Amino acid sequence: MGRPRRIVLIRHGESQGNRDDTIYERVPDHALELTAVGMRQAAEAGERLRRLFGDERVQAFVSPYRRTWNTYRALRLDPRLTRAKEEPRLREQDWGNWQDIEDIQRQRKARDAYGHFFYRFAMGESGADVYDRVGAFLETLYRAFDKEDFPPNVLIVTHGLTMRLFCMRWFHWTVEEFEALCNPDNAETRTLLLGASGRYALDRPFERWRTPGPPGGSYG
């Protein structure tokens, strides 16, 4: 079996929406570009990843959004060693109709009170919905591990919430544990490392904004 030694998750570089969320009134979420800062962040992350991967092969899975593909290209991984595949299940959470910014701001406040995992945006998704499609992607990934020639490295270029939910699904974290975590910064990585026991562990934890309570606790 070709279980990879590393599964690297990276959030896209700073986007136009990260800089100014009023742009959503004019540009669809999936079409947002990276800022100059975001391009620089991705290029710097690429230097670190090229050192990490060395001359080993990499299977990359990329969210279909423009900012994630631009991040992947800015990494400048060796095309002779890297295969990249678009994976729609790794896309950003659908927030619904972004054209009404005031309504989105109201819904953001409601989500903070209700909980990021369970709150569903009008005409959009909840964190639980994203969790389900990430879980479906993981089933595909597990089957790919059965191939004897599967690369020793996986790279997943995605979004902050999706990164947290990927790890929640992989490590079987509770909703309370998920709710206590902060999103990674733009172009920040988390790596699942295969240990001698055959189990994966994170190279470093996500930052927390509060201490999680017991399962079934309060959210928000």
# chains A, B, ... in the order shown; residues from 1 in each chain; ligands from 1
>>> select_by_dssp(residues="range 49-101 of chain A", states="alpha helix (DSSP H)", output="PyMOL selection string")
chain A and resi 49-53+66-75+101
>>> closest_atom_pairs(of="range 105-218 of chain A", to="range 36-57 of chain A", cutoff="7 Å", atoms="only C-alpha atoms", output="tab-separated table")
residue	atom	partner	partner_atom	distance
A:Pro151	CA	A:Arg57	CA	5.2
A:Pro152	CA	A:Arg57	CA	6.4
A:Asn153	CA	A:Arg57	CA	6.4
A:Ala187	CA	A:Ala42	CA	5.7
>>> closest_residue(among="A:Phe145, A:Phe171, A:Trp69, A:Phe178", to="Arg199 in chain A", atoms="only C-alpha atoms")
A:Phe171
>>> atom_distance(atom1="CA of Pro184 in chain A", atom2="CA of Met123 in chain A")
26.0 Å
>>> residues_around(residues="Arg208 in chain A", least_positions_apart="5", cutoff="12 Å", atoms="only C-alpha atoms", output="NGL selection string")
:A and (164 or 176-184)
>>> decode(residues="range 54-188 of chain A", atoms="C-alpha atoms", output="JSON list (two decimals), in the first residue's frame")
[["chain", "number", "residue", "atom", "x", "y", "z"],
["A", 54, "GLY", "CA", 12.96, 17.39, -1.98],
["A", 55, "ASP", "CA", 13.04, 14.96, -4.91],
["A", 56, "GLU", "CA", 10.00, 13.00, -3.73],
["A", 57, "ARG", "CA", 6.77, 12.73, -5.70],
["A", 58, "VAL", "CA", 3.69, 14.73, -4.68],
["A", 59, "GLN", "CA", -0.02, 14.25, -5.36],
["A", 60, "ALA", "CA", -1.75, 17.62, -5.06],
["A", 61, "PHE", "CA", -5.50, 18.19, -4.67],
["A", 62, "VAL", "CA", -6.64, 21.76, -5.29],
["A", 63, "SER", "CA", -9.92, 23.52, -4.51],
["A", 64, "PRO", "CA", -11.47, 24.80, -7.77],
["A", 65, "TYR", "CA", -11.40, 28.45, -6.66],
["A", 66, "ARG", "CA", -9.14, 30.89, -8.47],
["A", 67, "ARG", "CA", -7.27, 31.89, -5.33],
["A", 68, "THR", "CA", -6.38, 28.29, -4.50],
["A", 69, "TRP", "CA", -5.17, 27.49, -8.01],
["A", 70, "ASN", "CA", -3.13, 30.71, -8.06],
["A", 71, "THR", "CA", -1.66, 29.71, -4.71],
["A", 72, "TYR", "CA", -0.75, 26.28, -6.07],
["A", 73, "ARG", "CA", 0.96, 27.78, -9.14],
["A", 74, "ALA", "CA", 2.88, 30.26, -6.99],
["A", 75, "LEU", "CA", 4.32, 27.35, -4.97],
["A", 76, "ARG", "CA", 6.35, 26.44, -8.08],
["A", 77, "LEU", "CA", 6.59, 22.75, -7.29],
["A", 78, "ASP", "CA", 8.59, 20.61, -9.69],
["A", 79, "PRO", "CA", 6.15, 19.55, -12.46],
["A", 80, "ARG", "CA", 8.18, 16.39, -13.08],
["A", 81, "LEU", "CA", 7.42, 15.22, -9.54],
["A", 82, "THR", "CA", 3.99, 16.70, -8.90],
["A", 83, "ARG", "CA", 0.55, 15.75, -10.17],
["A", 84, "ALA", "CA", -2.26, 18.22, -9.48],
["A", 85, "LYS", "CA", -5.96, 17.42, -9.56],
["A", 86, "GLU", "CA", -8.89, 19.75, -9.05],
["A", 87, "GLU", "CA", -11.10, 18.60, -6.19],
["A", 88, "PRO", "CA", -14.45, 20.45, -5.84],
["A", 89, "ARG", "CA", -15.18, 18.86, -2.45],
["A", 90, "LEU", "CA", -12.32, 20.94, -1.01],
["A", 91, "ARG", "CA", -13.95, 24.27, -1.95],
["A", 92, "GLU", "CA", -14.78, 27.07, 0.48],
["A", 93, "GLN", "CA", -17.96, 27.00, 2.53],
["A", 94, "ASP", "CA", -20.82, 28.41, 0.46],
["A", 95, "TRP", "CA", -22.01, 31.57, 2.17],
["A", 96, "GLY", "CA", -25.01, 32.17, -0.08],
["A", 97, "ASN", "CA", -25.83, 35.53, -1.62],
["A", 98, "TRP", "CA", -22.83, 37.75, -0.93],
["A", 99, "GLN", "CA", -24.33, 40.68, -2.84],
["A", 100, "ASP", "CA", -26.21, 41.75, 0.30],
["A", 101, "ILE", "CA", -23.27, 42.53, 2.57],
["A", 102, "GLU", "CA", -25.44, 43.80, 5.44],
["A", 103, "ASP", "CA", -27.36, 40.53, 5.49],
["A", 104, "ILE", "CA", -24.12, 38.53, 5.46],
["A", 105, "GLN", "CA", -22.81, 40.57, 8.40],
["A", 106, "ARG", "CA", -26.02, 39.83, 10.32],
["A", 107, "GLN", "CA", -25.66, 36.14, 9.52],
["A", 108, "ARG", "CA", -22.02, 36.15, 10.62],
["A", 109, "LYS", "CA", -23.08, 37.45, 14.04],
["A", 110, "ALA", "CA", -25.82, 34.83, 14.18],
["A", 111, "ARG", "CA", -23.29, 32.12, 13.29],
["A", 112, "ASP", "CA", -20.96, 33.27, 16.08],
["A", 113, "ALA", "CA", -23.82, 32.90, 18.56],
["A", 114, "TYR", "CA", -25.22, 29.66, 17.09],
["A", 115, "GLY", "CA", -21.93, 27.89, 16.35],
["A", 116, "HIS", "CA", -19.77, 27.67, 13.24],
["A", 117, "PHE", "CA", -20.38, 23.96, 12.79],
["A", 118, "PHE", "CA", -24.16, 23.92, 12.86],
["A", 119, "TYR", "CA", -25.18, 27.35, 11.53],
["A", 120, "ARG", "CA", -26.27, 27.23, 7.87],
["A", 121, "PHE", "CA", -26.12, 30.43, 5.82],
["A", 122, "ALA", "CA", -29.27, 31.27, 3.89],
["A", 123, "MET", "CA", -28.92, 29.68, 0.43],
["A", 124, "GLY", "CA", -25.53, 28.40, 1.60],
["A", 125, "GLU", "CA", -23.86, 25.75, 3.73],
["A", 126, "SER", "CA", -23.18, 24.99, 7.36],
["A", 127, "GLY", "CA", -19.86, 23.75, 8.67],
["A", 128, "ALA", "CA", -21.56, 20.36, 9.02],
["A", 129, "ASP", "CA", -22.28, 20.36, 5.28],
["A", 130, "VAL", "CA", -18.61, 21.03, 4.53],
["A", 131, "TYR", "CA", -17.66, 18.28, 7.00],
["A", 132, "ASP", "CA", -19.79, 15.81, 5.03],
["A", 133, "ARG", "CA", -18.20, 16.59, 1.67],
["A", 134, "VAL", "CA", -14.71, 16.54, 3.21],
["A", 135, "GLY", "CA", -15.59, 13.10, 4.56],
["A", 136, "ALA", "CA", -16.60, 11.96, 1.07],
["A", 137, "PHE", "CA", -13.26, 13.22, -0.27],
["A", 138, "LEU", "CA", -11.40, 11.31, 2.44],
["A", 139, "GLU", "CA", -13.07, 8.08, 1.35],
["A", 140, "THR", "CA", -11.69, 8.70, -2.15],
["A", 141, "LEU", "CA", -8.27, 9.49, -0.71],
["A", 142, "TYR", "CA", -8.21, 6.30, 1.39],
["A", 143, "ARG", "CA", -8.93, 4.23, -1.73],
["A", 144, "ALA", "CA", -6.08, 5.97, -3.55],
["A", 145, "PHE", "CA", -3.71, 4.86, -0.78],
["A", 146, "ASP", "CA", -4.24, 1.26, -1.95],
["A", 147, "LYS", "CA", -2.20, 1.94, -5.07],
["A", 148, "GLU", "CA", 1.34, 0.66, -4.67],
["A", 149, "ASP", "CA", 2.79, 3.61, -6.58],
["A", 150, "PHE", "CA", 0.92, 6.30, -4.65],
["A", 151, "PRO", "CA", 3.30, 9.23, -3.96],
["A", 152, "PRO", "CA", 4.84, 9.63, -0.50],
["A", 153, "ASN", "CA", 3.45, 13.17, -0.22],
["A", 154, "VAL", "CA", -0.07, 14.60, -0.48],
["A", 155, "LEU", "CA", -0.63, 18.34, -0.79],
["A", 156, "ILE", "CA", -4.11, 19.81, -0.25],
["A", 157, "VAL", "CA", -4.55, 23.44, -1.31],
["A", 158, "THR", "CA", -7.76, 24.67, 0.24],
["A", 159, "HIS", "CA", -9.40, 27.11, 2.69],
["A", 160, "GLY", "CA", -9.11, 27.77, 6.42],
["A", 161, "LEU", "CA", -12.42, 26.30, 7.55],
["A", 162, "THR", "CA", -11.97, 23.30, 5.27],
["A", 163, "MET", "CA", -8.54, 22.64, 6.78],
["A", 164, "ARG", "CA", -10.00, 22.57, 10.28],
["A", 165, "LEU", "CA", -12.85, 20.30, 9.20],
["A", 166, "PHE", "CA", -10.46, 17.96, 7.38],
["A", 167, "CYS", "CA", -8.50, 17.50, 10.60],
["A", 168, "MET", "CA", -11.69, 17.21, 12.64],
["A", 169, "ARG", "CA", -12.85, 14.38, 10.38],
["A", 170, "TRP", "CA", -9.44, 12.69, 10.26],
["A", 171, "PHE", "CA", -8.71, 12.79, 13.98],
["A", 172, "HIS", "CA", -12.34, 12.36, 15.12],
["A", 173, "TRP", "CA", -12.43, 15.63, 17.03],
["A", 174, "THR", "CA", -15.68, 16.63, 18.70],
["A", 175, "VAL", "CA", -17.72, 19.63, 17.64],
["A", 176, "GLU", "CA", -16.63, 21.37, 20.83],
["A", 177, "GLU", "CA", -12.98, 20.83, 19.92],
["A", 178, "PHE", "CA", -13.56, 22.16, 16.41],
["A", 179, "GLU", "CA", -15.40, 25.25, 17.68],
["A", 180, "ALA", "CA", -12.44, 26.16, 19.90],
["A", 181, "LEU", "CA", -9.97, 26.34, 16.99],
["A", 182, "CYS", "CA", -8.88, 29.36, 14.96],
["A", 183, "ASN", "CA", -8.41, 29.30, 11.21],
["A", 184, "PRO", "CA", -4.78, 29.16, 10.07],
["A", 185, "ASP", "CA", -3.33, 32.32, 8.56],
["A", 186, "ASN", "CA", -3.12, 32.76, 4.80],
["A", 187, "ALA", "CA", -0.58, 30.39, 3.18],
["A", 188, "GLU", "CA", -0.07, 28.68, 6.54]]
